[in-house]
Each structure stands twice: as C-alpha cells, then as structure tokens.
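Student: Dropping in input-v4.cif, with mmCIF, C-alpha atoms.
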data_data
loop_
_atom_site.label_atom_id
_atom_site.label_comp_id
_atom_site.auth_asym_id
_atom_site.auth_seq_id
_atom_site.Cartn_x
_atom_site.Cartn_y
_atom_site.Cartn_z
CA PRO A 105 0.00 0.00 0.00
CA SER A 106 1.10 3.52 -0.74
CA PRO A 107 0.72 6.34 1.79
CA LEU A 108 -0.69 8.38 -1.10
CA ASP A 109 -3.70 6.04 -1.21
CA VAL A 110 -4.58 6.55 2.45
CA GLU A 111 -7.41 8.98 3.23
CA ILE A 112 -8.63 9.73 6.74
CA SER A 113 -12.21 9.90 5.50
CA ASP A 114 -11.93 6.28 4.28
CA ILE A 115 -10.40 5.18 7.58
CA ALA A 116 -13.10 6.90 9.64
CA HIS A 117 -15.88 5.56 7.43
CA GLY A 118 -14.57 2.00 7.53
CA LEU A 119 -13.72 1.88 11.25
CA ALA A 120 -17.11 3.32 12.19
CA ARG A 121 -18.71 0.34 10.43
CA VAL A 122 -16.43 -2.42 11.72
CA ALA A 123 -17.80 -3.98 14.91
CA ARG A 124 -15.56 -4.87 17.82
CA TRP A 125 -16.09 -8.26 19.44
CA ASN A 126 -17.56 -9.60 16.18
CA GLY A 127 -20.65 -7.56 17.03
CA GLN A 128 -21.33 -9.66 20.14
CA THR A 129 -21.93 -6.68 22.42
CA PHE A 130 -24.86 -5.21 24.31
CA GLY A 131 -26.79 -2.26 22.98
CA GLU A 132 -28.84 -1.14 20.05
CA HIS A 133 -25.70 -0.41 18.01
CA ALA A 134 -22.46 -2.30 17.50
CA PHE A 135 -19.45 -0.92 19.35
CA SER A 136 -17.21 0.09 16.48
CA VAL A 137 -13.46 0.10 16.02
CA ALA A 138 -13.73 3.89 15.63
CA GLN A 139 -15.23 4.11 19.12
CA HIS A 140 -12.60 1.72 20.47
CA SER A 141 -9.90 3.94 18.97
CA LEU A 142 -11.26 7.00 20.77
CA LEU A 143 -11.25 5.04 24.03
CA VAL A 144 -7.63 4.01 23.45
CA VAL A 145 -6.65 7.67 22.98
CA ALA A 146 -8.28 8.60 26.30
CA ILE A 147 -6.49 5.75 28.09
CA ALA A 148 -3.11 6.37 26.42
CA GLU A 149 -3.24 10.00 27.47
CA ARG A 150 -3.87 8.86 31.07
CA LEU A 151 -1.07 6.30 30.97
CA SER A 152 1.55 8.68 29.60
CA PRO A 153 3.25 11.07 32.00
CA ALA A 154 3.56 13.59 29.14
CA PRO A 155 1.32 12.67 26.19
CA THR A 156 2.42 14.16 22.89
CA PRO A 157 0.24 14.78 19.84
CA ALA A 158 2.21 12.03 18.03
CA LEU A 159 1.35 9.55 20.80
CA SER A 160 -2.33 10.48 20.77
CA LEU A 161 -2.48 10.33 16.97
CA ALA A 162 -0.72 6.95 16.95
CA ALA A 163 -3.22 5.73 19.56
CA LEU A 164 -6.15 6.92 17.44
CA LEU A 165 -4.75 5.18 14.36
CA HIS A 166 -3.48 2.00 16.07
CA ASP A 167 -6.22 -0.12 14.47
CA ALA A 168 -6.51 1.93 11.26
CA PRO A 169 -5.47 -1.04 9.05
CA GLU A 170 -8.78 -2.61 10.03
CA TYR A 171 -10.57 -0.21 7.68
CA VAL A 172 -9.20 -2.52 4.97
CA VAL A 173 -8.85 -5.93 6.65
CA GLY A 174 -11.61 -5.79 9.29
CA ASP A 175 -11.35 -6.59 12.98
CA LEU A 176 -10.56 -10.24 13.38
CA ILE A 177 -10.73 -11.77 16.83
CA SER A 178 -7.31 -12.75 18.20
CA PRO A 179 -7.72 -16.55 17.94
CA PHE A 180 -8.62 -16.19 14.25
CA LYS A 181 -5.65 -13.88 13.63
CA ALA A 182 -3.39 -16.50 15.20
CA ALA A 183 -4.90 -19.23 13.00
CA ILE A 184 -4.28 -17.19 9.85
CA GLY A 185 -0.73 -16.45 10.93
CA ASP A 186 1.93 -14.33 9.30
CA ALA A 187 0.02 -13.57 6.10
CA TYR A 188 -2.52 -11.44 7.96
CA LYS A 189 0.11 -9.81 10.17
CA GLY A 190 2.24 -8.93 7.14
CA VAL A 191 -0.62 -7.10 5.43
CA GLU A 192 -1.53 -5.34 8.67
CA VAL A 193 2.09 -4.20 9.25
CA ARG A 194 2.44 -2.84 5.71
CA LEU A 195 -0.86 -0.97 5.98
CA GLU A 196 0.12 0.47 9.35
CA ALA A 197 3.46 1.69 7.97
CA ALA A 198 1.70 3.44 5.07
CA ILE A 199 -0.83 5.04 7.44
CA LEU A 200 1.84 6.30 9.85
CA MET A 201 3.88 7.70 6.97
CA ARG A 202 0.81 9.35 5.45
CA PHE A 203 0.12 11.28 8.64
CA SER A 204 3.77 12.10 9.46
CA ILE A 205 3.91 10.01 12.60
CA PRO A 206 7.60 9.34 13.18
CA PRO A 207 9.05 5.85 13.63
CA ASP A 208 9.20 4.45 17.15
CA PRO A 209 12.68 2.88 17.30
CA SER A 210 12.63 2.48 21.10
CA GLY A 211 9.20 0.87 21.01
CA SER A 212 8.04 2.99 23.95
CA ARG A 213 5.14 4.61 22.08
CA THR A 214 4.07 1.24 20.71
CA ALA A 215 4.21 -0.33 24.18
CA LEU A 216 2.15 2.48 25.69
CA VAL A 217 -0.49 2.24 22.95
CA LYS A 218 -0.60 -1.55 23.39
CA ALA A 219 -1.08 -1.12 27.15
CA ALA A 220 -3.93 1.33 26.48
CA ASP A 221 -5.43 -1.11 23.95
CA THR A 222 -5.36 -3.87 26.57
CA VAL A 223 -7.07 -1.69 29.20
CA ALA A 224 -9.69 -0.78 26.58
CA ALA A 225 -10.26 -4.48 25.84
CA TYR A 226 -10.79 -5.16 29.56
CA LEU A 227 -13.29 -2.30 29.86
CA GLU A 228 -15.14 -3.31 26.71
CA ALA A 229 -15.23 -6.95 27.81
CA THR A 230 -16.80 -6.10 31.16
CA ALA A 231 -19.08 -3.25 30.03
CA LEU A 232 -20.18 -4.51 26.62
CA ALA A 233 -19.35 -8.16 25.98
CA GLY A 234 -20.68 -9.90 29.08
CA PHE A 235 -17.38 -10.82 30.76
CA THR A 236 -17.19 -10.82 34.54
CA PRO A 237 -14.30 -8.79 35.98
CA ASP A 238 -12.56 -12.05 36.95
CA GLU A 239 -12.86 -13.45 33.42
CA ALA A 240 -11.60 -10.23 31.87
CA SER A 241 -8.72 -10.02 34.36
CA ARG A 242 -7.58 -13.54 33.48
CA ILE A 243 -7.49 -12.66 29.78
CA PHE A 244 -6.43 -8.99 29.76
CA GLY A 245 -5.09 -8.36 33.26
CA SER A 246 -6.57 -5.79 35.61
CA PRO A 247 -6.32 -2.13 34.60
CA GLU A 248 -3.44 -0.40 36.33
CA ILE A 249 -5.01 3.04 35.98
CA ALA A 250 -8.05 4.81 37.34
CA THR A 251 -10.87 4.09 34.95
CA GLU A 252 -13.38 6.61 36.30
CA GLY A 253 -14.78 8.84 33.60
CA LEU A 254 -14.05 6.39 30.80
CA GLY A 255 -17.63 5.10 30.74
CA GLU A 256 -18.65 7.87 28.34
CA TRP A 257 -16.44 6.21 25.71
CA LEU A 258 -18.21 2.85 26.11
CA ALA A 259 -21.69 3.73 24.86
CA PRO A 260 -22.29 2.17 21.43
CA CYS A 261 -23.57 4.75 18.95
CA PRO A 262 -24.70 4.86 15.32
CA ALA A 263 -21.96 4.52 12.71
CA ALA A 264 -22.40 8.08 11.43
CA GLU A 265 -21.89 9.46 14.95
CA ALA A 266 -18.81 7.26 15.53
CA GLN A 267 -17.39 8.42 12.21
CA SER A 268 -17.99 12.07 13.06
CA ARG A 269 -16.39 11.73 16.51
CA PHE A 270 -13.38 9.92 15.05
CA LEU A 271 -12.88 12.62 12.40
CA ALA A 272 -13.23 15.43 14.94
CA CYS A 273 -10.63 13.81 17.18
CA PHE A 274 -8.32 13.21 14.22
CA GLU A 275 -8.59 16.83 13.06
CA ARG A 276 -7.72 18.13 16.53
CA LEU A 277 -4.82 15.72 17.01
CA GLU A 278 -3.43 16.24 13.51
CA ARG A 279 -3.51 20.02 13.96
CA ASP A 280 -1.64 19.68 17.27
CA HIS A 281 0.80 17.18 15.76
CA LEU A 282 1.60 19.35 12.73
CA THR A 283 2.06 22.36 15.00
CA ALA A 284 4.50 20.36 17.16
CA LEU A 285 6.40 19.25 14.04
CA ASP A 286 6.61 22.86 12.79
CA THR A 287 7.80 24.07 16.19
CA ALA A 288 10.44 21.33 16.37
CA GLY A 289 11.70 22.32 12.90
CA ASP A 290 12.20 25.96 13.84
#
Please lay out the structure from this file as structure tokens.

Tutor:
Amino acid sequence: PSPLDVEISDIAHGLARVARWNGQTFGEHAFSVAQHSLLVVAIAERLSPAPTPALSLAALLHDAPEYVVGDLISPFKAAIGDAYKGVEVRLEAAILMRFSIPPDPSGSRTALVKAADTVAAYLEATALAGFTPDEASRIFGSPEIATEGLGEWLAPCPAAEAQSRFLACFERLERDHLTALDTAGD
C-alpha cells in the first residue's frame, strides 16, 4: 500500500462500520473500532506522564489497518498467521507515513499504545461483551489506571456518529501534531 492512497475519510468511514467483538456486544448499536480507537486515545493520554500529539495520533490510528482488513478476533488472527500480520504491518506503515507520525525505534510509544489497547479491551469486555471482571482479568489483566470517567467512551452509537467523533478527534490531534512538528523544525 502507498501512503498516497490513504485517506482519513476512508479510515473513519470504515472503522465506524467495523464492529468490535464480532458484534457480540450489548446495545442497540455495535461498538465500532472507531469508538474503540477513541477510548484508546483517552487511556493512552492517562497512561503517559507527558502525552504528545504524536502519541495520541498513533493511539487513534493504532487499528486503522482494520478499515481494509476488518477486525478479526485474536484466535482467528493467530490461526491465519503471518500472512494477515504482514498485510496489517504494511498498511500500518503506510498510514503512519501518510500522517507524518515518526518511527518508534525504542518501542516505547508502541508499548504504551498496546497497554492502552489492553485496558480498553478489559473495559469493553466487562461493560459490553458480558465478561465478569474475573474473566476479563484472566485474559487482559486488571487495569493499572483509574478508569473513572471512561464510561462515556463505552456507549455504542450509530456509525455516522462514531465516524464524526473519530474525524473530529483526528482533526484536533493532527492540527496539534503538525504544530508540534513545525515548532520542532524551527
């Protein structure tokens, strides 16, 4: 994939229509990957002692390849193996390049986003997918952060609303990120 082919409107549209948990959640609407991404941003910003716009933007886009490949549950991803992971990695690289998110050679940003993703999975499992806290803790671990106030991010909404929220967050984060890049270049 080429970074020139990546459009945020396509990502937002696709992620707002891809259901987390294979759609097996409570509520009138599916809980979308777009909504999950917004939750991961909120958690990543809590986990980081000094969140940067690049971190927040990377958190928002951490599942962006799923606008092309969908959200496969982990056991299915493992069964497919390296072929799926290879496509996902190439798509992610194109997306990060497209939006000027620098490489993460130390892996610290990636680790923080993964930790936020895991906390989000725990919260979604217990709030939306019918897991007990004990079940979710065995699979995802217990959240190591205060989770108060994150409930607002866990209400499934219509796809158009999820898309709009995702785009609004992206526009704010991209503006902050580009400003930080300009300032660093001065």

Student: Using all atoms listed in the file, determine which residues lie at most 8 Å from stretch 279-283 of chain A, disregarding the query and same-chain residues fewer than 2 positions distant; provide the list as a list in words.

Tutor: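 In the requested form, the answer reads Thr156, Pro157, Ala158, Leu161, Glu275, Arg276, Leu277, Leu285, Asp286 and Thr287 of chain A.
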
Student: Considering only C-alpha atoms, can you say which of A:Phe180, A:Ala264, A:Ala146, A:Leu195 comes closest to A:Leu108?

Tutor: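 Between A:Phe180, A:Ala264, A:Ala146, A:Leu195, the residue approaching A:Leu108 most closely is A:Leu195.
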
Student: Excluding stretch 243-245 of chain A and its own-chain neighbours fewer than 2 positions away, which residues fall within 6 Å of it when counting all atoms listed in the file? Please give them as a list in words.

Tutor: Tyr226, Ala240 and Ser241 of chain A

Student: Using all atoms listed in the file, which residues sit within 12 Å of A:Trp125 once same-chain residues fewer than 6 positions away are excluded, as a list of chain:residue names?

Tutor: A:Ala134, A:Phe135, A:Ser136, A:Val137, A:His140, A:Gly174, A:Asp175, A:Leu176, A:Ile177, A:Ser178, A:Pro179, A:Ala225, A:Tyr226, A:Glu228, A:Ala229, A:Thr230, A:Leu232, A:Ala233, A:Gly234, A:Phe235

Student: Decode the PyMOL selection byres ((chain A and resi 201-211) around 10) for the given file into explicit residues and return them as a PDB file with C-alpha atoms, keeping the file's coordinate frame.

Tutor:
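So result-v3.pdb came out as:
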ATOM      1  CA  SER A 106       1.100   3.520  -0.740  1.00  0.00           C
ATOM      2  CA  PRO A 107       0.720   6.340   1.790  1.00  0.00           C
ATOM      3  CA  LEU A 108      -0.690   8.380  -1.100  1.00  0.00           C
ATOM      4  CA  ASP A 109      -3.700   6.040  -1.210  1.00  0.00           C
ATOM      5  CA  VAL A 110      -4.580   6.550   2.450  1.00  0.00           C
ATOM      6  CA  GLU A 111      -7.410   8.980   3.230  1.00  0.00           C
ATOM      7  CA  ILE A 112      -8.630   9.730   6.740  1.00  0.00           C
ATOM      8  CA  PRO A 157       0.240  14.780  19.840  1.00  0.00           C
ATOM      9  CA  ALA A 158       2.210  12.030  18.030  1.00  0.00           C
ATOM     10  CA  LEU A 159       1.350   9.550  20.800  1.00  0.00           C
ATOM     11  CA  LEU A 161      -2.480  10.330  16.970  1.00  0.00           C
ATOM     12  CA  ALA A 162      -0.720   6.950  16.950  1.00  0.00           C
ATOM     13  CA  LEU A 165      -4.750   5.180  14.360  1.00  0.00           C
ATOM     14  CA  LEU A 195      -0.860  -0.970   5.980  1.00  0.00           C
ATOM     15  CA  GLU A 196       0.120   0.470   9.350  1.00  0.00           C
ATOM     16  CA  ALA A 197       3.460   1.690   7.970  1.00  0.00           C
ATOM     17  CA  ALA A 198       1.700   3.440   5.070  1.00  0.00           C
ATOM     18  CA  ILE A 199      -0.830   5.040   7.440  1.00  0.00           C
ATOM     19  CA  LEU A 200       1.840   6.300   9.850  1.00  0.00           C
ATOM     20  CA  SER A 212       8.040   2.990  23.950  1.00  0.00           C
ATOM     21  CA  ARG A 213       5.140   4.610  22.080  1.00  0.00           C
ATOM     22  CA  THR A 214       4.070   1.240  20.710  1.00  0.00           C
ATOM     23  CA  ALA A 215       4.210  -0.330  24.180  1.00  0.00           C
ATOM     24  CA  LEU A 216       2.150   2.480  25.690  1.00  0.00           C
ATOM     25  CA  VAL A 217      -0.490   2.240  22.950  1.00  0.00           C
ATOM     26  CA  GLU A 278      -3.430  16.240  13.510  1.00  0.00           C
ATOM     27  CA  HIS A 281       0.800  17.180  15.760  1.00  0.00           C
ATOM     28  CA  LEU A 282       1.600  19.350  12.730  1.00  0.00           C
ATOM     29  CA  LEU A 285       6.400  19.250  14.040  1.00  0.00           C
TER      30      LEU A 285
END

Student: May I have the residues within 8 Å of stretch 182-192 of chain A as a VMD selection string, using all atoms listed in the file and disregarding those fewer than 6 positions away in the same chain?

Tutor: chain A and resid 169 to 170 173

Student: Have a look at atom CA of A:Leu164 and atom CA of A:Glu149 and let me know their distance in Å, one decimal.

Tutor: 10.9 Å

Student: Would you kindly translate the PyMOL selection byres ((chain A and resi 141) around 8) into the concrete residues it picks from this file, as an MDAnalysis selection string?

Tutor: chainID A and resid 137:140 142:145 163:167 270

Student: Since I can't run it myself right now, could you work out what the PyMOL selection byres ((chain A and resi 151) around 10) selects here and report it as a list of chain:residue names?

Tutor: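 That expression, the PyMOL selection byres ((chain A and resi 151) around 10), corresponds here to A:Val145, A:Ala146, A:Ile147, A:Ala148, A:Glu149, A:Arg150, A:Ser152, A:Pro153, A:Ala154, A:Pro155, A:Leu216, A:Val217, A:Ala219, A:Ala220, A:Glu248, A:Ile249, A:Ala250.
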
Student: Under the rule that only C-alpha atoms are counted, which of A:Gly289, A:Pro247, A:Pro237, A:Pro260 is the nearest residue to A:Thr222?

Tutor: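 Counting only C-alpha atoms, the residue closest to A:Thr222 is A:Pro247.
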
Student: Can you list, as a JSON list (two decimals) with C-alpha atoms, in the frame of the given file, every protein, DNA or RNA residue that comes within 6 Å of A:Gln267 when you count all atoms listed in the file, leaving out same-chain residues fewer than 2 positions away?

Tutor:
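Saved file result23.json follows:
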[["chain", "number", "residue", "atom", "x", "y", "z"],
["A", 116, "ALA", "CA", -13.10, 6.90, 9.64],
["A", 117, "HIS", "CA", -15.88, 5.56, 7.43],
["A", 120, "ALA", "CA", -17.11, 3.32, 12.19],
["A", 264, "ALA", "CA", -22.40, 8.08, 11.43],
["A", 265, "GLU", "CA", -21.89, 9.46, 14.95],
["A", 269, "ARG", "CA", -16.39, 11.73, 16.51],
["A", 270, "PHE", "CA", -13.38, 9.92, 15.05]]

Student: Rank nothing, just name the residue among A:Val223, A:Ala263, A:Ala231, A:Ala284 nearest to A:Gln128, using only C-alpha atoms.

Tutor: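 Answer, going by the shortest atom-to-atom distance: A:Ala231.
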
Student: Can you work out the spacing between atom CA of A:Arg194 and atom CA of A:Ala168 in Å, to one decimal?

Tutor: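 So the answer is 11.6 Å.
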